[in-house]
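Note: the block below is model-v4.cif and it holds mmCIF, C-alpha atoms and all ligand atoms.
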```
data_upload
#
loop_
_atom_site.label_atom_id
_atom_site.label_comp_id
_atom_site.auth_asym_id
_atom_site.auth_seq_id
_atom_site.Cartn_x
_atom_site.Cartn_y
_atom_site.Cartn_z
CA MET A 1223 5.44 0.76 28.19
CA LEU A 1224 5.85 -0.92 31.56
CA ASN A 1225 8.48 -3.67 31.34
CA ILE A 1226 9.13 -5.65 34.51
CA VAL A 1227 11.78 -8.25 35.26
CA LEU A 1228 10.52 -10.60 37.97
CA PHE A 1229 13.64 -12.01 39.57
CA GLY A 1230 14.44 -14.59 42.25
CA PRO A 1231 15.65 -18.13 42.86
CA PRO A 1232 13.76 -21.24 41.76
CA GLY A 1233 10.67 -21.61 43.95
CA SER A 1234 10.53 -17.96 44.97
CA GLY A 1235 7.04 -17.53 43.48
CA LYS A 1236 7.82 -15.69 40.23
CA GLY A 1237 5.22 -17.56 38.17
CA THR A 1238 2.46 -17.07 40.77
CA GLN A 1239 3.13 -13.36 41.18
CA ALA A 1240 3.52 -12.90 37.41
CA GLU A 1241 -0.10 -14.09 37.05
CA ASN A 1242 -1.23 -11.54 39.65
CA ILE A 1243 0.66 -8.72 37.94
CA ILE A 1244 -0.83 -9.61 34.54
CA GLY A 1245 -4.32 -9.61 36.04
CA LYS A 1246 -3.88 -6.08 37.35
CA TYR A 1247 -1.68 -4.41 34.74
CA GLY A 1248 -2.47 -6.30 31.52
CA LEU A 1249 1.15 -7.01 30.67
CA LYS A 1250 2.28 -9.80 28.36
CA HIS A 1251 3.85 -12.69 30.33
CA LEU A 1252 7.11 -14.08 28.93
CA SER A 1253 8.45 -17.03 30.93
CA THR A 1254 11.43 -18.80 29.38
CA GLY A 1255 10.70 -21.88 31.56
CA ASP A 1256 7.13 -22.06 30.16
CA LEU A 1257 8.36 -21.48 26.59
CA LEU A 1258 10.94 -24.28 27.00
CA ARG A 1259 8.35 -26.65 28.52
CA ALA A 1260 6.06 -25.93 25.52
CA GLU A 1261 8.92 -26.98 23.21
CA ILE A 1262 9.34 -30.18 25.25
CA ALA A 1263 5.60 -30.90 25.09
CA GLY A 1264 5.72 -30.35 21.31
CA GLN A 1265 8.70 -32.73 21.12
CA THR A 1266 10.67 -30.31 18.97
CA GLU A 1267 14.40 -30.70 18.43
CA LEU A 1268 15.01 -27.68 20.64
CA GLY A 1269 12.74 -29.15 23.32
CA MET A 1270 14.58 -32.46 23.36
CA LYS A 1271 17.91 -30.67 23.73
CA ALA A 1272 16.57 -28.38 26.46
CA LYS A 1273 14.99 -31.21 28.47
CA LYS A 1274 18.34 -32.90 29.09
CA ILE A 1275 19.79 -29.64 30.40
CA MET A 1276 16.73 -28.72 32.49
CA ASP A 1277 16.56 -32.15 34.12
CA LYS A 1278 20.12 -31.61 35.39
CA GLY A 1279 19.24 -28.12 36.66
CA GLU A 1280 21.73 -26.42 34.35
CA LEU A 1281 21.04 -23.35 32.21
CA VAL A 1282 19.95 -23.66 28.59
CA PRO A 1283 22.44 -21.77 26.34
CA ASP A 1284 21.95 -17.99 26.20
CA GLU A 1285 21.48 -17.92 22.38
CA ILE A 1286 18.49 -20.26 22.66
CA VAL A 1287 16.57 -18.35 25.33
CA VAL A 1288 17.48 -14.96 23.87
CA GLY A 1289 16.20 -16.13 20.46
CA MET A 1290 12.90 -17.31 21.99
CA ILE A 1291 12.34 -14.02 23.79
CA GLU A 1292 13.28 -11.93 20.77
CA LYS A 1293 10.72 -13.73 18.60
CA ARG A 1294 7.97 -12.83 21.14
CA ILE A 1295 9.02 -9.23 21.63
CA VAL A 1296 9.07 -8.37 17.93
CA SER A 1297 5.81 -10.19 17.12
CA GLU A 1298 3.72 -8.44 19.79
CA LYS A 1299 1.63 -5.60 18.35
CA ASP A 1300 1.30 -2.48 20.56
CA PRO A 1301 1.92 -4.24 23.89
CA GLU A 1302 1.21 -2.41 27.16
CA GLY A 1303 4.45 -3.95 28.36
CA PHE A 1304 6.10 -7.23 29.22
CA ILE A 1305 6.72 -9.17 32.37
CA PHE A 1306 9.86 -11.27 32.11
CA ASP A 1307 9.79 -14.32 34.40
CA GLY A 1308 12.88 -16.54 34.70
CA PHE A 1309 14.72 -14.33 32.21
CA PRO A 1310 17.38 -12.88 32.23
CA ARG A 1311 19.33 -15.53 34.19
CA THR A 1312 22.83 -14.43 33.13
CA VAL A 1313 24.39 -10.99 32.64
CA LYS A 1314 24.76 -11.84 28.95
CA GLN A 1315 21.01 -12.37 28.72
CA ALA A 1316 20.38 -9.09 30.60
CA ARG A 1317 22.54 -7.18 28.09
CA ALA A 1318 20.81 -8.88 25.16
CA LEU A 1319 17.41 -7.94 26.63
CA ASP A 1320 18.42 -4.28 26.95
CA GLU A 1321 19.48 -4.28 23.30
CA MET A 1322 16.28 -5.96 22.11
CA LEU A 1323 14.11 -3.48 24.01
CA ALA A 1324 16.18 -0.51 22.81
CA SER A 1325 15.55 -1.61 19.22
CA GLN A 1326 11.81 -1.37 20.01
CA ASN A 1327 12.38 2.09 21.56
CA THR A 1328 11.65 0.90 25.06
CA SER A 1329 13.51 -0.36 28.16
CA ILE A 1330 13.19 -2.21 31.48
CA SER A 1331 11.20 -0.11 33.96
CA LEU A 1332 11.87 -2.13 37.11
CA MET A 1333 13.40 -5.33 38.38
CA ILE A 1334 11.52 -6.91 41.29
CA SER A 1335 13.45 -9.52 43.23
CA LEU A 1336 11.66 -12.01 45.50
CA ASP A 1337 13.77 -12.87 48.51
CA VAL A 1338 13.26 -16.38 49.97
CA ASP A 1339 15.69 -18.41 52.08
CA ARG A 1340 17.15 -21.69 50.86
CA GLU A 1341 15.28 -23.99 53.26
CA GLU A 1342 11.90 -22.56 52.26
CA LEU A 1343 12.80 -22.84 48.55
CA ILE A 1344 13.67 -26.52 48.89
CA ASN A 1345 10.44 -27.23 50.82
CA ARG A 1346 8.29 -25.45 48.24
CA LEU A 1347 9.94 -27.16 45.26
CA ILE A 1348 9.69 -30.63 46.78
CA LYS A 1349 6.00 -29.99 47.43
CA ARG A 1350 5.52 -28.78 43.83
CA GLY A 1351 7.30 -31.93 42.59
CA LYS A 1352 4.74 -34.04 44.47
CA ASP A 1353 1.73 -31.95 43.37
CA GLN A 1354 2.64 -31.25 39.75
CA GLY A 1355 5.24 -33.87 38.86
CA ARG A 1356 7.71 -31.47 37.23
CA SER A 1357 10.73 -33.62 36.38
CA ASP A 1358 13.24 -31.02 37.67
CA ASP A 1359 11.54 -30.77 41.08
CA ASN A 1360 13.54 -33.53 42.78
CA LEU A 1361 16.06 -32.92 45.56
CA GLU A 1362 19.24 -33.45 43.52
CA THR A 1363 18.14 -31.19 40.67
CA ILE A 1364 16.68 -28.61 43.08
CA GLU A 1365 20.02 -28.28 44.89
CA ASN A 1366 21.84 -27.84 41.59
CA ARG A 1367 19.31 -25.22 40.39
CA ILE A 1368 19.90 -23.21 43.57
CA ARG A 1369 23.68 -23.51 43.13
CA VAL A 1370 23.43 -22.41 39.48
CA TYR A 1371 21.26 -19.49 40.58
CA GLU A 1372 23.81 -18.37 43.17
CA GLU A 1373 26.75 -18.67 40.78
CA GLN A 1374 25.37 -17.53 37.43
CA THR A 1375 22.18 -15.61 38.10
CA THR A 1376 22.84 -13.44 41.19
CA PRO A 1377 25.21 -11.16 39.16
CA VAL A 1378 22.08 -10.10 37.24
CA MET A 1379 20.91 -8.41 40.47
CA ASN A 1380 24.03 -6.17 40.45
CA TYR A 1381 23.46 -5.42 36.78
CA TYR A 1382 20.05 -3.87 37.57
CA GLU A 1383 21.27 -2.31 40.84
CA GLN A 1384 23.84 -0.37 38.83
CA GLN A 1385 21.01 0.94 36.66
CA GLY A 1386 19.04 1.92 39.81
CA LYS A 1387 16.19 -0.42 38.81
CA ALA A 1388 16.43 -3.24 41.37
CA ARG A 1389 13.86 -3.57 44.20
CA LYS A 1390 13.97 -6.37 46.75
CA ILE A 1391 10.77 -7.78 48.27
CA ASN A 1392 10.31 -10.32 51.06
CA GLY A 1393 9.01 -13.42 49.25
CA ILE A 1394 7.81 -15.13 52.41
CA GLY A 1395 4.20 -14.60 53.48
CA SER A 1396 0.82 -15.13 51.85
CA ILE A 1397 0.50 -14.71 48.08
CA GLU A 1398 -1.80 -11.71 48.71
CA GLU A 1399 0.62 -10.01 51.11
CA ILE A 1400 3.54 -10.39 48.74
CA PHE A 1401 1.44 -9.06 45.87
CA ILE A 1402 0.59 -5.93 47.91
CA HIS A 1403 4.33 -5.27 48.32
CA ILE A 1404 4.83 -5.72 44.57
CA VAL A 1405 2.01 -3.28 43.77
CA ASN A 1406 3.53 -0.71 46.16
CA VAL A 1407 6.87 -0.95 44.38
CA MET A 1408 5.22 -0.77 40.94
CA ASN A 1409 3.24 2.33 41.95
CA GLU A 1410 6.53 4.19 42.33
CA LYS A 1411 6.87 4.02 38.53
P1 LIG B 1501 12.47 -22.25 38.25
O1 LIG B 1501 12.69 -20.77 38.34
O2 LIG B 1501 11.53 -22.79 39.28
O3 LIG B 1501 13.76 -23.05 38.19
P2 LIG B 1501 11.83 -22.07 35.40
O4 LIG B 1501 10.61 -22.63 34.76
O5 LIG B 1501 12.04 -20.61 35.35
O6 LIG B 1501 11.73 -22.60 36.91
O7 LIG B 1501 13.13 -22.78 34.80
C1 LIG B 1501 13.25 -24.17 34.66
C2 LIG B 1501 14.54 -24.53 33.90
O8 LIG B 1501 14.47 -24.01 32.56
C3 LIG B 1501 15.84 -23.93 34.47
O9 LIG B 1501 16.39 -24.72 35.50
C4 LIG B 1501 16.72 -23.90 33.21
O10 LIG B 1501 17.25 -25.17 32.91
C5 LIG B 1501 15.74 -23.55 32.11
N1 LIG B 1501 15.64 -22.07 31.89
C6 LIG B 1501 14.56 -21.29 32.10
N2 LIG B 1501 14.82 -19.99 31.83
C7 LIG B 1501 16.12 -19.95 31.44
C8 LIG B 1501 17.00 -18.91 31.05
N3 LIG B 1501 16.60 -17.63 31.01
N4 LIG B 1501 18.28 -19.24 30.71
C9 LIG B 1501 18.70 -20.51 30.74
N5 LIG B 1501 17.94 -21.54 31.11
C10 LIG B 1501 16.66 -21.28 31.46
#
```
Would you write out, as structure tokens, the structure that this file holds?
Amino acid sequence: MLNIVLFGPPGSGKGTQAENIIGKYGLKHLSTGDLLRAEIAGQTELGMKAKKIMDKGELVPDEIVVGMIEKRIVSEKDPEGFIFDGFPRTVKQARALDEMLASQNTSISLMISLDVDREELINRLIKRGKDQGRSDDNLETIENRIRVYEEQTTPVMNYYEQQGKARKINGIGSIEEIFIHIVNVMNEK
């Protein structure tokens, strides 16, 4: 199996590149942000709880996102592999993911990190807020999401570096150019 963690700050293009990767490699896309937004759309109890946290730009508790991912991993029959997008966002989540995959006799193949500077992230997210109306794409929440990323999520990079699995890619450029860099890194595997 080919299991990829697509990593990077909010607005770095993880969702866009995940779609490209799926198109080429036929992996199953697991985005915790999308799963949480589906709960909100379905007005479930979990969704209502998550919305309050997401609108502030904070992280939803580890148990919740780990539980959502676990349900998907175990229910998938003979997958070619998974692409994890927006997960793991804490070292605790990264450890839980390793355990879940080990119980399915598989593991993370590669972590691909999209590198984009803060100013560009803020510009992209404000534009997305205008185009798509996502309630967490406003300046105050965007700044908090970037702060939360720096404080709680960047340690996940070290976690995969220690395993020799982390690869950094320049996330500025055209979608096609960035995808070519991703494919080059994936071809190493
Ligand atoms: P972005 O990467 O642009 O912030 P996401 O859709 O990945 O967008 O995440 C949106 C929000 O959903 C996050 O700010 C957070 O509140 C919540 N969320 C998503 N994934 C996780 C996760 N793995 N752990 C905790 N919270 C999460």
Kindly compile the residues surrounding ligand LIG 1501 (chain B) within 7 Å, counting all atoms listed in the file, and format them as a list of chain:residue names.
->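 Those residues are A:Pro1231, A:Pro1232, A:Gly1233, A:Ser1253, A:Thr1254, A:Gly1255, A:Asp1256, A:Leu1258, A:Ile1275, A:Met1276, A:Gly1279, A:Glu1280, A:Leu1281, A:Val1282, A:Pro1283, A:Asp1284, A:Val1287, A:Asp1307, A:Gly1308, A:Phe1309, A:Pro1310, A:Arg1311, A:Arg1367.
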Given the choices A:Glu1398, A:Val1378, A:Met1322, A:Asp1277, which gets closest to Asn1366 (chain A) if the distance is worked out from only C-alpha atoms?
->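 Looking at the shortest contact to Asn1366 (chain A), the residue is A:Asp1277.
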Pick from A:Tyr1381, A:Phe1306, A:Arg1294, A:Lys1278: nearest to Arg1369 (chain A), with all atoms listed in the file counted?
->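 Among A:Tyr1381, A:Phe1306, A:Arg1294, A:Lys1278, it is A:Lys1278 that comes nearest to Arg1369 (chain A).
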Do you have the CA of Tyr1371 (chain A)-CA of Ser1234 (chain A) distance handy?
->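 Result for CA of Tyr1371 (chain A) versus CA of Ser1234 (chain A): 11.7 Å, one decimal.
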Residues at most 8 Å from Val1288 (chain A), counting only C-alpha atoms, excluding those fewer than 5 positions away in the same chain, as a PyMOL selection string?
-> chain A and resi 1315+1318-1319
So which residues touch Gly1269 (chain A) within 9 Å, counting only C-alpha atoms, skipping near sequence neighbours fewer than 5 positions away, as a PyMOL selection string?
-> chain A and resi 1258-1264+1274
Coordinates-based distance that separates CA of Gly1303 (chain A) from CA of Thr1328 (chain A) (Å, one decimal) =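 Value for the CA of Thr1328 (chain A)-CA of Gly1303 (chain A) distance: 9.3 Å.
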Name the closest residue to Lys1387 (chain A) among the candidates A:Glu1321, A:Glu1399, A:Glu1292, A:Glu1410; distances are taken between atoms, counting all atoms listed in the file.
->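 Of A:Glu1321, A:Glu1399, A:Glu1292, A:Glu1410, the one nearest Lys1387 (chain A), counting all atoms listed in the file, is A:Glu1410.
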Would you mind reading off the distance between CA of Asp1320 (chain A) and CA of Phe1401 (chain A), one decimal, in Å?
-> 25.9 Å
Tell me which of A:Leu1228, A:Leu1336, A:Lys1271, A:Ala1316 sits closest to Ile1286 (chain A), counting only C-alpha atoms.
->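 Selected residue with least distance to Ile1286 (chain A): A:Lys1271.
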Give the answer as one residue: which of A:Thr1266, A:Ser1297, A:Ser1335, A:Asn1225 has the shortest atom-to-atom distance to Met1379 (chain A), using only C-alpha atoms?
->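 Ranked by minimum distance to Met1379 (chain A), first place goes to A:Ser1335.
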Surrounding residues of Ile1344 (chain A) excluding itself and chain neighbours under 4 positions, 7 Å, only C-alpha atoms, as a list of chain:residue names =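 With the cut-off at 7 Å, the set is A:Arg1340, A:Ile1348, A:Ile1364.
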